[in-house]
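Trainee: Below is the file model_39.cif, with mmCIF, C-alpha atoms.
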```cif
data_model
loop_
_atom_site.label_atom_id
_atom_site.label_comp_id
_atom_site.auth_asym_id
_atom_site.auth_seq_id
_atom_site.Cartn_x
_atom_site.Cartn_y
_atom_site.Cartn_z
CA MET A 1 0.00 0.00 0.00
CA ARG A 2 1.27 3.46 -0.94
CA GLU A 3 0.10 6.83 0.28
CA ASP A 4 -0.51 8.13 -3.23
CA PHE A 5 -3.18 5.40 -3.57
CA LEU A 6 -5.03 6.97 -0.64
CA HIS A 7 -4.62 10.40 -2.26
CA PHE A 8 -6.14 8.94 -5.43
CA ILE A 9 -9.09 7.43 -3.54
CA TRP A 10 -9.75 10.64 -1.61
CA LYS A 11 -9.43 12.88 -4.68
CA LEU A 12 -11.97 10.82 -6.66
CA GLN A 13 -14.00 9.86 -3.55
CA LEU A 14 -13.77 6.16 -4.44
CA PHE A 15 -15.18 4.85 -1.17
CA SER A 16 -18.54 4.32 0.43
CA LYS A 17 -19.84 7.43 2.14
CA VAL A 18 -22.96 5.76 3.53
CA ASP A 19 -22.96 5.83 7.33
CA LEU A 20 -19.46 7.31 7.34
CA ILE A 21 -18.19 7.68 10.89
CA SER A 22 -14.93 8.69 12.51
CA THR A 23 -12.86 6.47 14.77
CA ARG A 24 -14.65 8.22 17.66
CA ASN A 25 -18.12 7.42 16.22
CA GLU A 26 -18.71 10.97 14.94
CA SER A 27 -20.93 11.18 11.86
CA ILE A 28 -18.95 12.44 8.84
CA GLU A 29 -20.30 14.05 5.67
CA ILE A 30 -17.84 15.08 2.95
CA VAL A 31 -19.17 18.31 1.47
CA LYS A 32 -15.98 19.13 -0.47
CA GLN A 33 -12.86 16.92 -0.50
CA GLY A 34 -10.50 19.85 -1.17
CA LEU A 35 -7.77 20.39 -3.74
CA LEU A 36 -4.62 18.27 -3.87
CA ASN A 37 -1.66 20.27 -2.54
CA PHE A 38 1.58 19.85 -4.52
CA ASN A 39 3.58 22.01 -2.11
CA SER A 40 4.45 21.64 1.58
CA GLY A 41 1.63 21.45 4.09
CA PRO A 42 -1.54 19.34 4.37
CA ASP A 43 -2.40 17.04 1.44
CA PHE A 44 -5.79 18.57 0.50
CA LEU A 45 -6.62 22.24 0.92
CA ASN A 46 -9.92 24.12 1.32
CA ALA A 47 -12.04 21.12 2.19
CA LYS A 48 -15.49 21.24 3.80
CA VAL A 49 -16.64 18.49 6.16
CA ARG A 50 -19.75 18.20 8.31
CA ILE A 51 -18.90 16.51 11.63
CA ASN A 52 -21.86 15.60 13.87
CA GLY A 53 -23.91 18.12 11.90
CA GLN A 54 -21.39 20.97 12.35
CA LEU A 55 -19.81 22.30 9.11
CA TRP A 56 -16.03 22.72 9.23
CA ALA A 57 -13.79 24.36 6.62
CA GLY A 58 -10.09 23.63 6.51
CA ASN A 59 -7.59 21.04 5.29
CA VAL A 60 -7.29 17.26 5.13
CA GLU A 61 -4.16 15.23 5.90
CA ILE A 62 -3.71 11.67 4.67
CA HIS A 63 -1.40 8.94 6.03
CA LEU A 64 -1.00 5.20 5.80
CA LYS A 65 -0.75 5.03 9.58
CA ALA A 66 -2.14 7.60 11.98
CA SER A 67 1.20 7.55 13.83
CA ASP A 68 2.87 9.02 10.72
CA TRP A 69 1.51 12.33 11.99
CA TYR A 70 4.14 12.22 14.72
CA VAL A 71 6.78 10.54 12.57
CA HIS A 72 6.57 13.55 10.24
CA GLN A 73 6.43 15.93 13.22
CA HIS A 74 3.25 17.66 12.06
CA GLU A 75 2.44 18.51 15.67
CA LYS A 76 5.34 21.01 15.52
CA ASP A 77 4.30 22.55 12.18
CA LEU A 78 1.85 25.50 12.27
CA ASN A 79 0.66 24.61 8.75
CA TYR A 80 -1.14 21.58 10.23
CA ASN A 81 -3.18 23.54 12.78
CA THR A 82 -5.85 23.95 10.08
CA VAL A 83 -6.40 20.19 9.60
CA ILE A 84 -10.06 19.37 10.21
CA LEU A 85 -9.91 15.70 9.19
CA HIS A 86 -7.23 13.01 9.34
CA VAL A 87 -7.72 10.22 6.75
CA VAL A 88 -5.70 7.06 7.37
CA TRP A 89 -5.53 3.44 6.29
CA ASP A 90 -4.63 2.16 9.74
CA ASN A 91 -5.63 4.08 12.85
CA ASP A 92 -2.81 2.76 15.06
CA ILE A 93 -2.79 5.76 17.40
CA GLU A 94 -4.98 8.72 18.29
CA VAL A 95 -3.73 12.09 17.05
CA PHE A 96 -4.18 15.39 18.88
CA ASN A 97 -3.83 19.00 17.74
CA LYS A 98 -1.95 21.74 19.58
CA TYR A 99 -4.99 22.35 21.80
CA ASN A 100 -4.79 18.71 22.91
CA GLU A 101 -8.04 17.96 21.08
CA ALA A 102 -8.39 14.69 19.16
CA ILE A 103 -8.43 15.31 15.39
CA PRO A 104 -11.45 13.61 13.75
CA THR A 105 -10.11 10.58 11.87
CA ILE A 106 -11.50 8.25 9.21
CA GLU A 107 -10.01 4.76 8.88
CA LEU A 108 -10.45 4.42 5.13
CA LYS A 109 -9.90 0.66 4.75
CA SER A 110 -13.35 0.03 6.19
CA TYR A 111 -15.03 1.88 3.31
CA ILE A 112 -13.13 0.75 0.18
CA SER A 113 -14.56 -1.94 -2.08
CA LYS A 114 -12.79 -5.28 -2.47
CA ASP A 115 -12.77 -4.86 -6.26
CA LEU A 116 -10.82 -1.61 -6.05
CA LEU A 117 -8.32 -3.16 -3.65
CA SER A 118 -7.98 -6.20 -5.88
CA ASN A 119 -7.30 -4.00 -8.92
CA TYR A 120 -4.74 -2.03 -6.97
CA LYS A 121 -2.92 -5.13 -5.74
CA SER A 122 -2.82 -6.67 -9.20
CA HIS A 123 -0.98 -3.57 -10.44
CA PHE A 124 1.32 -2.78 -7.54
CA ASN A 125 1.84 -6.02 -5.62
CA SER A 126 2.53 -8.24 -8.62
CA PRO A 127 6.00 -9.53 -9.64
CA LYS A 128 8.20 -6.98 -11.38
CA LYS A 129 6.87 -6.20 -14.85
CA TRP A 130 8.08 -4.06 -17.73
CA ILE A 131 5.09 -1.80 -17.00
CA ASN A 132 2.48 -2.38 -14.29
CA CYS A 133 -0.46 -2.58 -16.69
CA GLU A 134 1.18 -4.77 -19.35
CA ASN A 135 -1.51 -7.45 -19.02
CA ASN A 136 -4.39 -5.01 -19.50
CA ILE A 137 -3.21 -2.00 -21.49
CA SER A 138 -4.50 -3.48 -24.74
CA THR A 139 -8.06 -3.35 -23.33
CA ILE A 140 -8.09 0.46 -23.23
CA SER A 141 -10.30 1.93 -25.96
CA LYS A 142 -8.60 3.51 -28.98
CA PHE A 143 -10.56 6.70 -28.41
CA LYS A 144 -9.27 7.07 -24.85
CA LEU A 145 -5.70 6.23 -25.92
CA SER A 146 -5.81 8.73 -28.78
CA HIS A 147 -6.94 11.54 -26.48
CA PHE A 148 -4.27 10.65 -23.91
CA PHE A 149 -1.58 10.40 -26.60
CA GLU A 150 -2.22 13.99 -27.62
CA GLN A 151 -1.70 15.09 -24.02
CA LEU A 152 1.47 12.98 -23.77
CA TYR A 153 2.88 14.31 -27.03
CA PHE A 154 2.43 17.95 -26.10
CA ASN A 155 3.91 17.27 -22.66
CA ARG A 156 6.95 15.90 -24.48
CA LEU A 157 7.13 19.01 -26.65
CA GLU A 158 6.98 21.18 -23.53
CA GLN A 159 9.94 19.27 -22.07
CA LYS A 160 11.94 19.75 -25.27
CA SER A 161 11.09 23.44 -25.14
CA ILE A 162 13.06 23.87 -21.90
CA LEU A 163 16.36 23.84 -23.81
CA ILE A 164 14.93 26.22 -26.41
CA GLU A 165 13.89 28.62 -23.63
CA SER A 166 17.44 28.54 -22.29
CA GLU A 167 18.88 29.26 -25.74
CA LEU A 168 16.44 32.14 -26.25
CA LEU A 169 17.96 33.85 -23.22
CA LYS A 170 21.52 33.20 -24.39
CA THR A 171 20.92 34.50 -27.92
CA ASN A 172 18.58 37.40 -27.10
CA LYS A 173 15.78 35.65 -29.05
CA ASP A 174 17.82 35.03 -32.20
CA TRP A 175 15.83 32.14 -33.68
CA GLU A 176 18.36 31.54 -36.47
CA ALA A 177 21.10 31.08 -33.86
CA ILE A 178 18.93 28.72 -31.81
CA LEU A 179 18.13 26.63 -34.88
CA PHE A 180 21.83 26.35 -35.73
CA ARG A 181 22.78 25.20 -32.24
CA LEU A 182 19.98 22.67 -31.91
CA LEU A 183 20.55 21.30 -35.41
CA LEU A 184 24.19 20.82 -34.44
CA LYS A 185 23.13 19.00 -31.29
CA ASN A 186 20.97 16.58 -33.23
CA PHE A 187 23.54 16.11 -35.99
CA GLY A 188 25.75 14.85 -33.18
CA LEU A 189 23.17 12.23 -32.12
CA LYS A 190 23.46 10.75 -28.60
CA VAL A 191 27.22 10.21 -28.68
CA ASN A 192 28.22 13.74 -29.72
CA GLY A 193 25.02 15.68 -29.08
CA GLU A 194 26.22 17.64 -26.05
CA ALA A 195 29.67 18.22 -27.55
CA PHE A 196 28.10 19.52 -30.79
CA LEU A 197 25.83 21.82 -28.76
CA ASN A 198 28.90 23.14 -26.93
CA LEU A 199 30.48 23.66 -30.33
CA GLY A 200 27.48 25.73 -31.46
CA ASN A 201 27.59 27.77 -28.24
CA SER A 202 31.31 28.48 -28.77
CA ILE A 203 30.62 30.47 -31.96
CA ASN A 204 28.71 33.72 -32.11
CA PHE A 205 26.12 33.27 -34.85
CA SER A 206 27.25 36.49 -36.51
CA VAL A 207 30.43 34.58 -37.39
CA ILE A 208 28.35 31.80 -38.98
CA ARG A 209 26.49 34.37 -41.07
CA LYS A 210 29.79 35.67 -42.48
CA VAL A 211 31.69 32.41 -42.89
CA SER A 212 28.84 30.30 -44.31
CA GLN A 213 29.14 32.14 -47.64
CA ASN A 214 32.28 30.03 -48.25
CA PRO A 215 31.69 26.26 -47.70
CA PHE A 216 35.41 25.53 -47.25
CA GLN A 217 35.73 28.22 -44.57
CA MET A 218 32.56 26.97 -42.90
CA GLU A 219 33.96 23.44 -42.73
CA ALA A 220 37.29 24.73 -41.40
CA LEU A 221 35.45 26.73 -38.75
CA LEU A 222 33.38 23.78 -37.52
CA PHE A 223 36.23 21.27 -37.61
CA GLY A 224 38.57 23.70 -35.89
CA GLN A 225 36.10 24.65 -33.14
CA ALA A 226 35.43 20.95 -32.59
CA GLY A 227 39.11 20.41 -31.80
CA ILE A 228 39.50 18.01 -34.73
CA LEU A 229 42.29 20.06 -36.32
CA GLU A 230 44.56 20.24 -33.29
CA GLU A 231 46.59 17.14 -34.11
CA THR A 232 49.14 16.63 -36.91
CA LYS A 233 48.02 14.43 -39.79
CA GLU A 234 49.56 13.52 -43.13
CA SER A 235 46.73 14.87 -45.22
CA VAL A 236 46.84 17.78 -47.66
CA TYR A 237 43.17 18.57 -47.04
CA PHE A 238 43.70 18.46 -43.27
CA GLU A 239 46.58 20.94 -43.57
CA LYS A 240 44.47 23.29 -45.71
CA LEU A 241 41.64 23.22 -43.19
CA GLN A 242 44.07 23.72 -40.33
CA LYS A 243 45.63 26.74 -42.01
CA GLU A 244 42.23 28.26 -42.80
CA TYR A 245 41.00 27.70 -39.25
CA LYS A 246 44.06 29.42 -37.74
CA TYR A 247 43.22 32.46 -39.86
CA LEU A 248 39.56 32.40 -38.75
CA GLN A 249 40.55 31.77 -35.14
CA SER A 250 42.74 34.85 -35.13
CA LYS A 251 40.21 36.99 -37.00
CA PHE A 252 37.22 36.15 -34.77
CA LYS A 253 39.12 35.43 -31.54
CA LEU A 254 37.79 31.89 -31.28
CA LYS A 255 38.48 29.31 -28.58
CA PRO A 256 38.06 25.67 -29.71
CA LEU A 257 36.66 22.84 -27.62
CA ASN A 258 39.17 20.66 -25.79
CA ASN A 259 40.49 17.90 -28.00
CA GLY A 260 38.73 14.64 -27.16
CA GLN A 261 35.20 15.99 -26.57
CA ILE A 262 34.17 14.83 -30.04
CA GLN A 263 33.98 11.03 -30.23
CA PHE A 264 34.23 8.55 -33.13
CA PHE A 265 33.70 5.43 -31.01
CA ARG A 266 30.41 3.50 -31.13
CA LEU A 267 29.38 5.28 -34.32
CA ARG A 268 28.68 4.00 -37.79
CA PRO A 269 30.93 5.66 -40.38
CA ASN A 270 28.04 7.70 -41.83
CA ASN A 271 27.57 9.24 -38.37
CA PHE A 272 31.24 10.13 -37.87
CA PRO A 273 31.55 13.76 -36.73
CA THR A 274 33.64 14.54 -39.82
CA ILE A 275 30.73 13.57 -42.08
CA ARG A 276 28.03 15.28 -40.03
CA LEU A 277 29.97 18.55 -39.65
CA SER A 278 30.69 18.65 -43.38
CA GLN A 279 26.98 18.16 -44.10
CA ILE A 280 25.92 20.97 -41.79
CA ALA A 281 28.56 23.22 -43.35
CA GLN A 282 26.98 22.53 -46.76
CA LEU A 283 23.50 23.12 -45.33
CA TYR A 284 24.38 26.62 -44.13
CA PHE A 285 26.19 27.42 -47.36
CA LYS A 286 23.09 26.44 -49.34
CA TYR A 287 20.53 28.32 -47.21
CA LYS A 288 21.16 31.80 -45.81
CA ASN A 289 17.89 32.15 -43.90
CA LEU A 290 17.18 28.60 -42.87
CA PHE A 291 14.83 29.43 -39.99
CA SER A 292 12.54 31.46 -42.25
CA LYS A 293 12.37 28.64 -44.79
CA ILE A 294 11.53 26.11 -42.11
CA MET A 295 8.76 28.28 -40.70
CA GLU A 296 7.16 28.49 -44.15
CA MET A 297 7.05 24.71 -44.64
CA ASN A 298 4.46 22.23 -43.41
CA SER A 299 4.70 19.26 -45.79
CA LEU A 300 7.00 16.36 -44.91
CA GLN A 301 8.06 16.04 -48.53
CA ASN A 302 9.13 19.70 -48.55
CA TYR A 303 11.43 19.01 -45.61
CA TYR A 304 12.94 16.01 -47.37
CA GLU A 305 13.71 18.29 -50.33
CA LEU A 306 15.11 21.02 -48.05
CA PHE A 307 17.53 18.64 -46.35
CA LYS A 308 18.87 17.04 -49.53
CA ILE A 309 22.37 17.77 -48.32
CA GLU A 310 25.69 16.10 -49.13
CA THR A 311 29.26 16.49 -47.86
CA SER A 312 32.07 18.40 -49.51
CA GLU A 313 33.95 16.50 -52.26
CA PHE A 314 36.79 15.28 -50.01
CA TRP A 315 34.39 13.33 -47.79
CA GLU A 316 32.96 11.44 -50.74
CA THR A 317 36.10 9.30 -50.59
CA HIS A 318 36.88 9.58 -46.87
CA TYR A 319 35.38 9.05 -43.42
CA THR A 320 38.56 10.19 -41.63
CA PHE A 321 41.50 12.25 -42.85
CA GLU A 322 43.98 9.38 -43.01
CA LYS A 323 42.25 6.59 -44.89
CA GLU A 324 40.68 6.81 -48.35
CA SER A 325 37.49 4.84 -49.00
CA LYS A 326 35.38 3.88 -51.97
CA LYS A 327 33.70 6.93 -53.50
CA ARG A 328 30.19 7.41 -52.16
CA VAL A 329 27.91 10.42 -52.03
CA LYS A 330 26.88 10.80 -48.38
CA LYS A 331 23.41 12.32 -48.17
CA LEU A 332 21.12 12.81 -45.23
CA SER A 333 18.76 9.83 -45.19
CA GLU A 334 15.01 10.28 -44.74
CA ALA A 335 15.29 8.45 -41.40
CA PHE A 336 17.89 11.00 -40.24
CA ILE A 337 15.72 13.90 -41.44
CA ASP A 338 12.81 12.40 -39.49
CA LEU A 339 14.95 12.58 -36.35
CA LEU A 340 15.81 16.22 -37.08
CA LEU A 341 12.12 17.00 -37.46
CA ILE A 342 11.09 15.14 -34.30
CA ASN A 343 13.85 16.48 -32.05
CA THR A 344 14.66 19.92 -33.49
CA ILE A 345 12.37 21.37 -36.14
CA ILE A 346 8.99 20.58 -34.60
CA PRO A 347 9.96 21.61 -31.03
CA ILE A 348 11.31 24.92 -32.36
CA LYS A 349 8.20 25.52 -34.46
CA PHE A 350 6.03 24.65 -31.44
CA LYS A 351 7.83 27.14 -29.21
CA TYR A 352 7.84 29.83 -31.89
CA TYR A 353 4.13 29.38 -32.67
CA ILE A 354 3.24 29.53 -28.97
CA GLN A 355 5.17 32.79 -28.58
CA GLN A 356 3.58 34.25 -31.71
CA GLY A 357 0.08 33.11 -30.76
CA THR A 358 -0.15 31.02 -33.95
CA SER A 359 -2.21 27.84 -34.35
CA ILE A 360 -0.22 24.64 -33.76
CA ASP A 361 -2.52 22.39 -35.82
CA SER A 362 0.07 22.13 -38.60
CA ILE A 363 2.53 20.61 -36.09
CA LEU A 364 0.14 17.77 -35.35
CA ASP A 365 -0.37 17.20 -39.06
CA LEU A 366 3.39 17.05 -39.65
CA ILE A 367 4.27 14.68 -36.78
CA GLN A 368 1.48 12.36 -37.93
CA GLU A 369 3.06 12.23 -41.40
CA ILE A 370 6.38 10.96 -40.04
CA LYS A 371 6.96 7.21 -39.87
CA PRO A 372 6.95 5.58 -36.41
CA GLU A 373 10.33 5.35 -34.70
CA LYS A 374 12.02 2.01 -34.15
CA ASN A 375 13.54 1.28 -30.75
CA THR A 376 13.27 -1.25 -27.93
CA ILE A 377 10.52 0.65 -26.08
CA ILE A 378 8.29 0.89 -29.15
CA SER A 379 8.94 -2.78 -29.98
CA LYS A 380 7.85 -3.77 -26.47
CA PHE A 381 4.63 -1.77 -26.76
CA ASN A 382 3.98 -3.51 -30.08
CA GLU A 383 4.28 -6.84 -28.25
CA LEU A 384 1.61 -5.57 -25.85
CA LYS A 385 -0.66 -4.88 -28.86
CA ILE A 386 -0.18 -1.11 -28.74
CA ALA A 387 0.79 -0.47 -32.33
CA SER A 388 2.09 2.84 -33.70
CA ASP A 389 1.23 4.29 -37.09
CA SER A 390 3.28 7.49 -36.85
CA ALA A 391 5.94 9.36 -34.90
CA PHE A 392 3.11 11.12 -33.05
CA GLU A 393 2.21 7.84 -31.38
CA THR A 394 5.80 6.68 -30.78
CA GLN A 395 6.68 10.00 -29.16
CA ALA A 396 3.60 9.71 -26.94
CA LEU A 397 4.56 6.15 -25.96
CA LEU A 398 8.11 7.22 -25.09
CA GLN A 399 6.66 9.93 -22.86
CA LEU A 400 4.29 7.41 -21.28
CA LYS A 401 7.09 4.96 -20.51
CA ASN A 402 9.62 7.51 -19.25
CA GLU A 403 7.36 9.85 -17.28
CA TYR A 404 4.62 7.54 -16.01
CA CYS A 405 5.54 3.84 -16.17
CA ASN A 406 9.18 4.17 -15.07
CA LYS A 407 8.21 6.53 -12.24
CA LEU A 408 5.23 4.37 -11.18
CA LYS A 409 2.82 7.27 -11.69
CA CYS A 410 -0.01 4.90 -12.56
CA LEU A 411 -2.47 6.87 -10.44
CA ASP A 412 -1.75 10.02 -12.47
CA CYS A 413 -2.06 8.14 -15.76
CA THR A 414 -5.29 7.96 -17.78
CA ILE A 415 -4.64 4.28 -18.47
CA GLY A 416 -3.95 3.46 -14.82
CA LYS A 417 -7.04 5.34 -13.64
CA ASP A 418 -9.23 3.54 -16.17
CA LEU A 419 -7.97 0.10 -15.16
CA LEU A 420 -8.08 0.80 -11.45
CA THR A 421 -11.64 2.12 -11.36
CA ARG A 422 -13.28 -0.54 -13.51
#
```
Let me see the file written as structure tokens.

Mentor:
Amino acid sequence: MREDFLHFIWKLQLFSKVDLISTRNESIEIVKQGLLNFNSGPDFLNAKVRINGQLWAGNVEIHLKASDWYVHQHEKDLNYNTVILHVVWDNDIEVFNKYNEAIPTIELKSYISKDLLSNYKSHFNSPKKWINCENNISTISKFKLSHFFEQLYFNRLEQKSILIESELLKTNKDWEAILFRLLLKNFGLKVNGEAFLNLGNSINFSVIRKVSQNPFQMEALLFGQAGILEETKESVYFEKLQKEYKYLQSKFKLKPLNNGQIQFFRLRPNNFPTIRLSQIAQLYFKYKNLFSKIMEMNSLQNYYELFKIETSEFWETHYTFEKESKKRVKKLSEAFIDLLLINTIIPIKFKYYIQQGTSIDSILDLIQEIKPEKNTIISKFNELKIASDSAFETQALLQLKNEYCNKLKCLDCTIGKDLLTR
């Protein structure tokens, strides 16, 4: 038994209120259960309770055991002087207020149905599962899931907006600069994402605006700031980039990242930082006002056309400076563009539209066009008969797993509430 289960029961009043009496045989009528308090102090605020016919207004405190009142030292806290009702599972001790008066107490276990308890135990007292409701989640109606998925997806967008909010402050609301930094982060994927973001933060975007007019200079700038050009290599192209970067470093007073922040390990060759940085250099050479173009677009196919980006010529026959490889044009794949849309473009558009007071309907349309993601979490949901037709649903499922299932917030979850109250 967990205390949040009692909070859930009290909030939804999921107990019999017929002949409700306190542990001292006082008649109890719940007029208003109060509002759940997410801050310090009693659990439910502004409640109204009629005790032996007398109406009381104040707060309600909930515990598994009545003695928890003293364990938590509420008798020493002035915030608890306003408690008019103590709701407990087990009344193991009588509790008194500062005036040495017994606080009216309800022992809730006497009023809860066996079905509700059985449902609760099947979810929380069962052997460890991947998610608590894995045996029953497939019984939830598609309509209810669809509505909940929309809530989950926009919660996920709000979380991704936290970084954007931070970058807005750093750049004085320069949306082009924010786009550049967050694109860099996502070009770096999980392995180099933070290092690439640091790289973007190490360059004033005014420098990018000037240097991007020359793709070779742009590549030298990114490679140099990434610390990739600090070593000595037997490569003519490496030496040219190194020389160009030293000129740019002196001109713009740049300080590169420490050598070693950018990693090649655990990456497929197409995701090597050399390839990804060359591609983003070509992207910013090709488009001078990328943010404006992105804001104008809504169609998935338009984004695929926009991000038809390759590397510079040298990287067609190389993955690293030292070793030559078979010639191959290295484009951004549609799967990679989908990731850019999911993790960068759509969150930025969402935040921008919210600030501008613009409708966000086009964002929903776009995310529903993108193919569902493939990962272990989505595969496991598929096994539980929760299939995904688009990235909208996979993003919602990732939010569900990470923010509800992993944190055992079943009582805050639409699915958990539905199963528990059947």

Trainee: Extending 4 Å beyond the listed atoms of range 295-298 of chain A on each side, what axis-aligned box results? I want centre and edge lengths in Å to one decimal, as lines of an AutoDock Vina configuration file.

Mentor:
```
center_x = 6.6
center_y = 25.4
center_z = -42.7
size_x = 12.3
size_y = 14.3
size_z = 11.9
```

Trainee: Sorted by chain and rising residue number, which residues of range 304-381 of chain A lie within 10 Å of range 235-252 of chain A, and what are their closest atom pairs and distances in Å to one decimal, counting all atoms listed in the file, as CSV?

Mentor:
```
residue,atom,partner,partner_atom,distance
A:Phe314,CA,A:Tyr237,CA,7.8
A:Thr320,CA,A:Phe238,CA,9.9
A:Phe321,CA,A:Ser235,CA,6.3
A:Glu322,CA,A:Ser235,CA,6.5
A:Lys323,CA,A:Ser235,CA,9.4
```

Trainee: Please write the residues picked by the PyMOL selection byres ((chain A and resi 373) around 12) on this file as a count of residues only.

Mentor: 30

Trainee: The PyMOL selection byres ((chain A and resi 261) around 12) on the file shown: which residues, as number ranges by chain?

Mentor: A: 188, 191-199, 225-228, 256-260, 262-265, 273

Trainee: Could you work out how far CA of Glu101 in chain A lies from CA of Val71 in chain A, giving the answer in Å with one decimal?

Mentor: 18.6 Å

Trainee: Restricting the calculation to all atoms listed in the file: of A:Met295, A:Leu145, A:Ile337, A:Leu290, which residue gets closest to Phe307 in chain A?

Mentor: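 Among the listed residues, A:Ile337 lies closest to Phe307 in chain A.
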
Trainee: Any chance you could tabulate, as JSON lines, the residues of range 315-363 of chain A at most 10 Å from range 164-178 of chain A with each one's nearest atom pair and distance in Å to one decimal, using all atoms listed in the file, in chain and rising number order?

Mentor:
```
{"residue": "A:Thr344", "atom": "CA", "partner": "A:Ile164", "partner_atom": "CA", "distance": 9.5}
{"residue": "A:Pro347", "atom": "CA", "partner": "A:Ile164", "partner_atom": "CA", "distance": 8.2}
{"residue": "A:Ile348", "atom": "CA", "partner": "A:Ile164", "partner_atom": "CA", "distance": 7.1}
{"residue": "A:Lys351", "atom": "CA", "partner": "A:Ile164", "partner_atom": "CA", "distance": 7.7}
{"residue": "A:Tyr352", "atom": "CA", "partner": "A:Trp175", "partner_atom": "CA", "distance": 8.5}
```

Trainee: Can you list, as a PyMOL selection string, every protein, DNA or RNA residue that comes within 10 Å of Glu75 in chain A when you count all atoms listed in the file, leaving out same-chain residues fewer than 6 positions away?

Mentor: chain A and resi 69+81+95-98

Trainee: Nearest to Leu116 in chain A among A:Ser333, A:Ser292, A:Tyr284, A:Ser16, with distances taken over only C-alpha atoms: which residue is it?

Mentor: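 Residue with the minimum atom-to-atom distance to Leu116 in chain A: A:Ser16.
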
Trainee: Excluding Ile275 in chain A and residues on its chain fewer than 5 positions from it, collect all residues at most 10 Å away from it, counting all atoms listed in the file, and give them as a list in words.

Mentor: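 The contact residues come out as Phe187, Pro269, Asn270, Ile280, Ala281, Glu310, Thr311, Ser312, Trp315, Glu316, His318, Tyr319, Thr320, Lys330 and Lys331 of chain A.
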
Trainee: Keeping only C-alpha atoms, write the selected residues as a tab-separated table (two decimals), in the frame of the given file.

Mentor:
```tsv
chain	number	residue	atom	x	y	z
A	187	PHE	CA	23.54	16.11	-35.99
A	269	PRO	CA	30.93	5.66	-40.38
A	270	ASN	CA	28.04	7.70	-41.83
A	280	ILE	CA	25.92	20.97	-41.79
A	281	ALA	CA	28.56	23.22	-43.35
A	310	GLU	CA	25.69	16.10	-49.13
A	311	THR	CA	29.26	16.49	-47.86
A	312	SER	CA	32.07	18.40	-49.51
A	315	TRP	CA	34.39	13.33	-47.79
A	316	GLU	CA	32.96	11.44	-50.74
A	318	HIS	CA	36.88	9.58	-46.87
A	319	TYR	CA	35.38	9.05	-43.42
A	320	THR	CA	38.56	10.19	-41.63
A	330	LYS	CA	26.88	10.80	-48.38
A	331	LYS	CA	23.41	12.32	-48.17
```
